[in-house]
file work_39.cif (mmCIF, C-alpha atoms and all ligand atoms)
data_query
loop_
_atom_site.group_PDB
_atom_site.id
_atom_site.type_symbol
_atom_site.label_atom_id
_atom_site.label_comp_id
_atom_site.auth_asym_id
_atom_site.auth_seq_id
_atom_site.Cartn_x
_atom_site.Cartn_y
_atom_site.Cartn_z
ATOM 1 C CA MET F 1 0.354 -2.386 -13.713
ATOM 2 C CA ALA F 2 3.220 0.100 -13.682
ATOM 3 C CA THR F 3 6.618 -1.596 -13.636
ATOM 4 C CA ARG F 4 7.839 0.407 -10.665
ATOM 5 C CA LEU F 5 4.848 -0.632 -8.578
ATOM 6 C CA ARG F 6 5.364 -4.246 -9.541
ATOM 7 C CA LEU F 7 8.999 -4.011 -8.503
ATOM 8 C CA ILE F 8 7.960 -2.688 -5.111
ATOM 9 C CA GLN F 9 5.727 -5.727 -4.599
ATOM 10 C CA THR F 10 8.617 -8.057 -5.506
ATOM 11 C CA TYR F 11 10.926 -6.306 -3.037
ATOM 12 C CA PHE F 12 8.185 -6.574 -0.489
ATOM 13 C CA LEU F 13 7.730 -10.299 -0.930
ATOM 14 C CA HIS F 14 11.447 -10.805 -0.489
ATOM 15 C CA ALA F 15 11.702 -8.280 2.342
ATOM 16 C CA ALA F 16 14.616 -6.907 0.338
ATOM 17 C CA TYR F 17 14.724 -3.466 1.867
ATOM 18 C CA LEU F 18 17.620 -2.264 3.968
ATOM 19 C CA THR F 19 15.940 -1.703 7.292
ATOM 20 C CA PRO F 20 17.681 0.031 10.225
ATOM 21 C CA ASP F 21 17.979 -3.419 11.806
ATOM 22 C CA LYS F 22 19.777 -4.886 8.753
ATOM 23 C CA LEU F 23 22.055 -1.865 8.387
ATOM 24 C CA HIS F 24 22.950 -2.079 12.066
ATOM 25 C CA ARG F 25 23.846 -5.749 11.821
ATOM 26 C CA ALA F 26 25.971 -4.996 8.762
ATOM 27 C CA GLY F 27 27.843 -2.372 10.770
ATOM 28 C CA LEU F 28 26.552 0.450 8.556
ATOM 29 C CA ARG F 29 24.399 2.158 11.127
ATOM 30 C CA SER F 30 25.112 2.808 14.792
ATOM 31 C CA SER F 31 21.688 1.690 16.011
ATOM 32 C CA ALA F 32 18.863 -0.588 14.915
ATOM 33 C CA GLU F 33 16.248 1.919 16.068
ATOM 34 C CA CYS F 34 13.144 2.733 14.079
ATOM 35 C CA THR F 35 13.495 6.160 12.464
ATOM 36 C CA ARG F 36 9.805 6.828 13.130
ATOM 37 C CA CYS F 37 8.977 5.650 16.651
ATOM 38 C CA GLY F 38 12.402 4.913 18.166
ATOM 39 C CA SER F 39 11.585 1.255 18.870
ATOM 40 C CA PRO F 40 14.908 -0.555 19.491
ATOM 41 C CA THR F 41 14.719 -3.185 16.711
ATOM 42 C CA ALA F 42 13.355 -1.934 13.415
ATOM 43 C CA ASP F 43 13.123 -5.051 11.295
ATOM 44 C CA PHE F 44 11.164 -5.264 8.035
ATOM 45 C CA PHE F 45 7.847 -6.173 9.615
ATOM 46 C CA HIS F 46 8.167 -3.323 12.078
ATOM 47 C CA MET F 47 8.977 -0.806 9.342
ATOM 48 C CA VAL F 48 6.082 -1.758 7.071
ATOM 49 C CA TRP F 49 3.403 -2.791 9.534
ATOM 50 C CA ALA F 50 3.946 -3.045 13.286
ATOM 51 C CA CYS F 51 5.431 0.418 13.938
ATOM 52 C CA PRO F 52 2.630 2.306 15.738
ATOM 53 C CA ILE F 53 3.001 5.275 13.362
ATOM 54 C CA ILE F 54 2.677 3.014 10.317
ATOM 55 C CA ALA F 55 -0.101 0.981 11.945
ATOM 56 C CA ALA F 56 -2.112 4.187 12.285
ATOM 57 C CA TYR F 57 -1.427 5.000 8.628
ATOM 58 C CA TRP F 58 -2.689 1.565 7.552
ATOM 59 C CA GLY F 59 -5.725 2.117 9.746
ATOM 60 C CA ALA F 60 -6.505 5.346 7.894
ATOM 61 C CA VAL F 61 -5.899 3.782 4.467
ATOM 62 C CA VAL F 62 -8.121 0.792 5.283
ATOM 63 C CA GLN F 63 -10.837 3.143 6.496
ATOM 64 C CA GLU F 64 -10.710 5.001 3.176
ATOM 65 C CA ILE F 65 -10.823 1.735 1.236
ATOM 66 C CA SER F 66 -13.738 0.449 3.329
ATOM 67 C CA GLY F 67 -15.566 3.705 2.591
ATOM 68 C CA VAL F 68 -15.053 3.337 -1.153
ATOM 69 C CA LEU F 69 -16.081 -0.330 -1.207
ATOM 70 C CA GLN F 70 -18.837 0.264 1.326
ATOM 71 C CA GLU F 71 -17.704 -2.845 3.069
ATOM 72 C CA GLU F 72 -15.592 -3.283 6.198
ATOM 73 C CA VAL F 73 -12.088 -4.329 5.173
ATOM 74 C CA GLU F 74 -10.022 -5.721 8.028
ATOM 75 C CA ARG F 75 -6.524 -4.448 8.696
ATOM 76 C CA LEU F 76 -4.685 -7.744 8.225
ATOM 77 C CA PRO F 77 -1.092 -8.076 7.056
ATOM 78 C CA VAL F 78 -1.448 -11.129 4.793
ATOM 79 C CA PRO F 79 -3.950 -9.661 2.303
ATOM 80 C CA LEU F 80 -2.758 -6.071 2.558
ATOM 81 C CA LEU F 81 1.004 -6.594 2.534
ATOM 82 C CA LEU F 82 1.351 -9.808 0.571
ATOM 83 C CA GLY F 83 -1.705 -9.454 -1.643
ATOM 84 C CA VAL F 84 -2.926 -12.934 -0.628
ATOM 85 C CA MET F 85 -6.656 -12.379 -0.476
ATOM 86 C CA GLY F 86 -8.011 -15.911 -0.001
ATOM 87 C CA ASP F 87 -9.966 -15.139 3.156
ATOM 88 C CA ILE F 88 -10.908 -11.547 2.641
ATOM 89 C CA GLY F 89 -14.313 -12.243 1.098
ATOM 90 C CA LEU F 90 -14.591 -9.457 -1.491
ATOM 91 C CA ARG F 91 -15.698 -9.537 -5.104
ATOM 92 C CA ARG F 92 -12.919 -10.051 -7.628
ATOM 93 C CA SER F 93 -13.094 -6.498 -8.905
ATOM 94 C CA ASP F 94 -12.929 -5.192 -5.329
ATOM 95 C CA ARG F 95 -9.864 -7.295 -4.664
ATOM 96 C CA THR F 96 -8.191 -5.782 -7.699
ATOM 97 C CA PHE F 97 -8.929 -2.309 -6.401
ATOM 98 C CA LEU F 98 -7.745 -3.278 -2.908
ATOM 99 C CA GLY F 99 -4.518 -4.725 -4.306
ATOM 100 C CA VAL F 100 -3.633 -1.548 -6.198
ATOM 101 C CA ALA F 101 -4.665 0.723 -3.318
ATOM 102 C CA CYS F 102 -2.427 -1.237 -0.918
ATOM 103 C CA LEU F 103 0.435 -1.232 -3.377
ATOM 104 C CA VAL F 104 0.325 2.561 -3.456
ATOM 105 C CA ALA F 105 0.400 2.611 0.372
ATOM 106 C CA LYS F 106 3.393 0.246 0.383
ATOM 107 C CA ARG F 107 5.199 2.354 -2.182
ATOM 108 C CA ASP F 108 4.665 5.467 -0.082
ATOM 109 C CA ILE F 109 5.866 3.715 3.086
ATOM 110 C CA MET F 110 8.986 2.417 1.384
ATOM 111 C CA THR F 111 9.920 5.561 -0.502
ATOM 112 C CA GLU F 112 9.606 7.581 2.700
ATOM 113 C CA TRP F 113 10.797 5.017 5.162
ATOM 114 C CA LYS F 114 13.547 7.208 6.595
ATOM 115 C CA ALA F 115 10.997 9.918 7.406
ATOM 116 C CA LYS F 116 9.849 10.688 10.920
ATOM 117 C CA ASN F 117 6.134 10.650 10.064
ATOM 118 C CA ALA F 118 3.900 8.325 8.129
ATOM 119 C CA PRO F 119 3.106 9.185 4.501
ATOM 120 C CA THR F 120 0.039 11.382 4.058
ATOM 121 C CA LEU F 121 -3.390 10.251 2.915
ATOM 122 C CA THR F 122 -3.338 13.070 0.341
ATOM 123 C CA LYS F 123 -0.305 11.490 -1.280
ATOM 124 C CA TRP F 124 -1.969 8.093 -1.179
ATOM 125 C CA ARG F 125 -5.155 9.429 -2.817
ATOM 126 C CA ARG F 126 -3.108 11.083 -5.533
ATOM 127 C CA GLY F 127 -1.241 7.815 -6.117
ATOM 128 C CA VAL F 128 -4.442 5.798 -6.387
ATOM 129 C CA ASP F 129 -5.909 8.400 -8.767
ATOM 130 C CA TRP F 130 -2.850 8.123 -10.933
ATOM 131 C CA CYS F 131 -3.296 4.337 -11.105
ATOM 132 C CA ALA F 132 -7.013 4.700 -11.859
ATOM 133 C CA GLN F 133 -6.320 7.040 -14.768
ATOM 134 C CA ARG F 134 -3.565 4.863 -16.125
ATOM 135 C CA GLU F 135 -5.719 1.745 -15.922
ATOM 136 C CA LYS F 136 -8.524 3.622 -17.647
ATOM 137 C CA LEU F 137 -6.306 4.304 -20.667
ATOM 138 C CA ILE F 138 -5.356 0.638 -20.827
ATOM 139 C CA TYR F 139 -8.943 -0.623 -20.588
ATOM 140 C CA GLU F 140 -10.072 2.029 -23.066
ATOM 141 C CA ALA F 141 -7.454 0.917 -25.568
ATOM 142 C CA ARG F 142 -8.675 -2.663 -25.190
ATOM 143 C CA GLY F 143 -12.261 -1.545 -25.642
ATOM 144 C CA CYS F 144 -13.435 -2.820 -22.271
ATOM 145 C CA LEU F 145 -14.198 0.303 -20.314
ATOM 146 C CA ASN F 146 -16.981 -1.584 -18.513
ATOM 147 C CA LYS F 147 -14.323 -3.682 -16.765
ATOM 148 C CA HIS F 148 -12.577 -0.530 -15.705
ATOM 149 C CA ASN F 149 -15.768 0.915 -14.305
ATOM 150 C CA LYS F 150 -16.451 -2.238 -12.338
ATOM 151 C CA ILE F 151 -13.103 -1.932 -10.581
ATOM 152 C CA TRP F 152 -12.680 1.840 -10.373
ATOM 153 C CA GLY F 153 -16.196 3.250 -10.647
ATOM 154 C CA ARG F 154 -16.744 3.704 -6.924
ATOM 155 C CA TRP F 155 -13.284 5.151 -6.385
ATOM 156 C CA GLU F 156 -13.838 7.643 -9.176
ATOM 157 C CA GLY F 157 -17.257 8.479 -7.760
ATOM 158 C CA THR F 158 -15.774 9.095 -4.304
ATOM 159 C CA ALA F 159 -12.854 11.077 -5.651
ATOM 160 C CA GLY F 160 -15.288 13.349 -7.482
ATOM 161 C CA PHE F 161 -14.230 12.726 -11.083
HETATM 162 ZN ZN ZN D 1 8.609 2.319 14.601
#

call {"tool": "encode", "arguments": {"input": "work_39.cif", "output": "structure tokens"}}
result
Amino acid sequence: MATRLRLIQTYFLHAAYLTPDKLHRAGLRSSAECTRCGSPTADFFHMVWACPIIAAYWGAVVQEISGVLQEEVERLPVPLLLGVMGDIGLRRSDRTFLGVACLVAKRDIMTEWKAKNAPTLTKWRRGVDWCAQREKLIYEARGCLNKHNKIWGRWEGTAGF
């Protein structure tokens, strides 16, 4: 997986982002308010999950993913944010797809986290496409395109490749 995406996951696991709440406590920002919804205490969990604007974005992303996998994926923070998929009940290849698709969503949330609105689904789709194409080159080079197709085939079919 791309190094930058991996780095985002590491930052995520350590909640290492400077949220409005953290900046406020450090005296670097006059308020701890969420830049998106105006909620008074914008801690990490709020910024990446609980904020109603971001919750709606996750809802839309999960709906897209469920459509691709043709299986209802629940909007739960542990598998989607932390990548811990013990209870999610999907095939291994589907979990791989889900993991990458969520990582793209997390990247978009974090790179635009000072924005007023949620990231767009168009941007997310483009990001997932980029990952699919990159992974394809890697699997192709290893001579196991069948593995690639198992993970990405339905996405590529939906995206109209
Ligand atoms: Zn908010």

call {"tool": "residues_around", "arguments": {"input": "work_39.cif", "residues": "segment 69-80 of chain F", "least_positions_apart": "3", "cutoff": "8 Å", "atoms": "all atoms listed in the file", "output": "list in words"}}
result
Trp49, Trp58, Gly59, Val62, Gln63, Ile65, Ser66, Gly83, Val84, Met85, Gly86, Ile88, Asp94, Leu98, Gly99, Cys102 and Arg154 of chain F

call {"tool": "residues_around", "arguments": {"input": "work_39.cif", "residues": "Thr120 of chain F", "least_positions_apart": "4", "cutoff": "9 Å", "atoms": "only C-alpha atoms", "output": "ChimeraX atom specification"}}
result
/F:57,108,124-125

call {"tool": "resolve_selection", "arguments": {"input": "work_39.cif", "expression": "the PyMOL selection byres (((not hetatm)) within 6 of (chain D and resi 1))", "output": "PyMOL selection string"}}
result
chain F and resi 34+36-39+51

call {"tool": "atom_distance", "arguments": {"input": "work_39.cif", "atom1": "atom CA of Gly153 of chain F", "atom2": "atom CA of Ile138 of chain F"}}
result
15.1 Å

call {"tool": "atom_distance", "arguments": {"input": "work_39.cif", "atom1": "atom CA of His14 of chain F", "atom2": "atom CA of Ile109 of chain F"}}
result
16.0 Å

call {"tool": "resolve_selection", "arguments": {"input": "work_39.cif", "expression": "the PyMOL selection byres (((chain F and resi 147-152) around 12) and not hetatm)", "output": "JSON, numbers by chain"}}
result
{"F": [65, 68, 69, 90, 91, 92, 93, 94, 95, 96, 97, 98, 99, 100, 101, 128, 129, 130, 131, 132, 133, 134, 135, 136, 137, 138, 139, 140, 141, 142, 143, 144, 145, 146, 153, 154, 155, 156, 157, 158, 159, 161]}

call {"tool": "write_last_selection", "arguments": {"input": "work_39.cif", "atoms": "C-alpha atoms", "output": "PDB file, in the coordinates of the input"}}
result
ATOM      1  CA  ILE F  65     -10.823   1.735   1.236  1.00  0.00           C
ATOM      2  CA  VAL F  68     -15.053   3.337  -1.153  1.00  0.00           C
ATOM      3  CA  LEU F  69     -16.081  -0.330  -1.207  1.00  0.00           C
ATOM      4  CA  LEU F  90     -14.591  -9.457  -1.491  1.00  0.00           C
ATOM      5  CA  ARG F  91     -15.698  -9.537  -5.104  1.00  0.00           C
ATOM      6  CA  ARG F  92     -12.919 -10.051  -7.628  1.00  0.00           C
ATOM      7  CA  SER F  93     -13.094  -6.498  -8.905  1.00  0.00           C
ATOM      8  CA  ASP F  94     -12.929  -5.192  -5.329  1.00  0.00           C
ATOM      9  CA  ARG F  95      -9.864  -7.295  -4.664  1.00  0.00           C
ATOM     10  CA  THR F  96      -8.191  -5.782  -7.699  1.00  0.00           C
ATOM     11  CA  PHE F  97      -8.929  -2.309  -6.401  1.00  0.00           C
ATOM     12  CA  LEU F  98      -7.745  -3.278  -2.908  1.00  0.00           C
ATOM     13  CA  GLY F  99      -4.518  -4.725  -4.306  1.00  0.00           C
ATOM     14  CA  VAL F 100      -3.633  -1.548  -6.198  1.00  0.00           C
ATOM     15  CA  ALA F 101      -4.665   0.723  -3.318  1.00  0.00           C
ATOM     16  CA  VAL F 128      -4.442   5.798  -6.387  1.00  0.00           C
ATOM     17  CA  ASP F 129      -5.909   8.400  -8.767  1.00  0.00           C
ATOM     18  CA  TRP F 130      -2.850   8.123 -10.933  1.00  0.00           C
ATOM     19  CA  CYS F 131      -3.296   4.337 -11.105  1.00  0.00           C
ATOM     20  CA  ALA F 132      -7.013   4.700 -11.859  1.00  0.00           C
ATOM     21  CA  GLN F 133      -6.320   7.040 -14.768  1.00  0.00           C
ATOM     22  CA  ARG F 134      -3.565   4.863 -16.125  1.00  0.00           C
ATOM     23  CA  GLU F 135      -5.719   1.745 -15.922  1.00  0.00           C
ATOM     24  CA  LYS F 136      -8.524   3.622 -17.647  1.00  0.00           C
ATOM     25  CA  LEU F 137      -6.306   4.304 -20.667  1.00  0.00           C
ATOM     26  CA  ILE F 138      -5.356   0.638 -20.827  1.00  0.00           C
ATOM     27  CA  TYR F 139      -8.943  -0.623 -20.588  1.00  0.00           C
ATOM     28  CA  GLU F 140     -10.072   2.029 -23.066  1.00  0.00           C
ATOM     29  CA  ALA F 141      -7.454   0.917 -25.568  1.00  0.00           C
ATOM     30  CA  ARG F 142      -8.675  -2.663 -25.190  1.00  0.00           C
ATOM     31  CA  GLY F 143     -12.261  -1.545 -25.642  1.00  0.00           C
ATOM     32  CA  CYS F 144     -13.435  -2.820 -22.271  1.00  0.00           C
ATOM     33  CA  LEU F 145     -14.198   0.303 -20.314  1.00  0.00           C
ATOM     34  CA  ASN F 146     -16.981  -1.584 -18.513  1.00  0.00           C
ATOM     35  CA  GLY F 153     -16.196   3.250 -10.647  1.00  0.00           C
ATOM     36  CA  ARG F 154     -16.744   3.704  -6.924  1.00  0.00           C
ATOM     37  CA  TRP F 155     -13.284   5.151  -6.385  1.00  0.00           C
ATOM     38  CA  GLU F 156     -13.838   7.643  -9.176  1.00  0.00           C
ATOM     39  CA  GLY F 157     -17.257   8.479  -7.760  1.00  0.00           C
ATOM     40  CA  THR F 158     -15.774   9.095  -4.304  1.00  0.00           C
ATOM     41  CA  ALA F 159     -12.854  11.077  -5.651  1.00  0.00           C
ATOM     42  CA  PHE F 161     -14.230  12.726 -11.083  1.00  0.00           C
TER      43      PHE F 161
END

call {"tool": "atom_distance", "arguments": {"input": "work_39.cif", "atom1": "atom CA of Tyr11 of chain F", "atom2": "atom CA of Pro52 of chain F"}}
result
22.3 Å

call {"tool": "resolve_selection", "arguments": {"input": "work_39.cif", "expression": "the PyMOL selection byres (((chain F and resi 107) around 10) and not hetatm)", "output": "ChimeraX atom specification"}}
result
/F:4-9,12,102-106,108-113,119,124,127

call {"tool": "axis_aligned_box", "arguments": {"input": "work_39.cif", "around": "segment 116-125 of chain F", "padding_each_side": "8 Å", "output": "lines of an AutoDock Vina configuration file"}}
result
center_x = 2.3
center_y = 10.6
center_z = 4.1
size_x = 31.0
size_y = 21.0
size_z = 29.7

call {"tool": "build_atoms", "arguments": {"input": "work_39.cif", "residues": "segment 145-157 of chain F", "atoms": "N, CA and C atoms", "output": "short mmCIF file (atom, residue, chain, number, x, y, z; two decimals), in the frame of the given file"}}
result
data_model
loop_
_atom_site.label_atom_id
_atom_site.label_comp_id
_atom_site.auth_asym_id
_atom_site.auth_seq_id
_atom_site.Cartn_x
_atom_site.Cartn_y
_atom_site.Cartn_z
N LEU F 145 -14.04 -0.71 -21.35
CA LEU F 145 -14.20 0.30 -20.31
C LEU F 145 -15.15 -0.16 -19.20
N ASN F 146 -16.06 -1.07 -19.55
CA ASN F 146 -16.98 -1.58 -18.51
C ASN F 146 -16.23 -2.31 -17.39
N LYS F 147 -15.15 -3.01 -17.77
CA LYS F 147 -14.32 -3.68 -16.76
C LYS F 147 -13.68 -2.66 -15.85
N HIS F 148 -13.20 -1.61 -16.48
CA HIS F 148 -12.58 -0.53 -15.70
C HIS F 148 -13.57 0.04 -14.69
N ASN F 149 -14.76 0.31 -15.18
CA ASN F 149 -15.77 0.92 -14.30
C ASN F 149 -16.15 0.01 -13.14
N LYS F 150 -16.13 -1.28 -13.39
CA LYS F 150 -16.45 -2.24 -12.34
C LYS F 150 -15.43 -2.15 -11.20
N ILE F 151 -14.17 -1.99 -11.59
CA ILE F 151 -13.10 -1.93 -10.58
C ILE F 151 -12.99 -0.53 -9.96
N TRP F 152 -13.05 0.48 -10.81
CA TRP F 152 -12.68 1.84 -10.37
C TRP F 152 -13.85 2.80 -10.22
N GLY F 153 -15.03 2.36 -10.65
CA GLY F 153 -16.20 3.25 -10.65
C GLY F 153 -16.46 3.92 -9.31
N ARG F 154 -16.45 3.14 -8.24
CA ARG F 154 -16.74 3.70 -6.92
C ARG F 154 -15.64 4.63 -6.44
N TRP F 155 -14.40 4.27 -6.74
CA TRP F 155 -13.28 5.15 -6.38
C TRP F 155 -13.45 6.49 -7.10
N GLU F 156 -13.71 6.42 -8.39
CA GLU F 156 -13.84 7.64 -9.18
C GLU F 156 -15.03 8.47 -8.70
N GLY F 157 -16.10 7.78 -8.31
CA GLY F 157 -17.26 8.48 -7.76
C GLY F 157 -16.92 9.20 -6.46
#
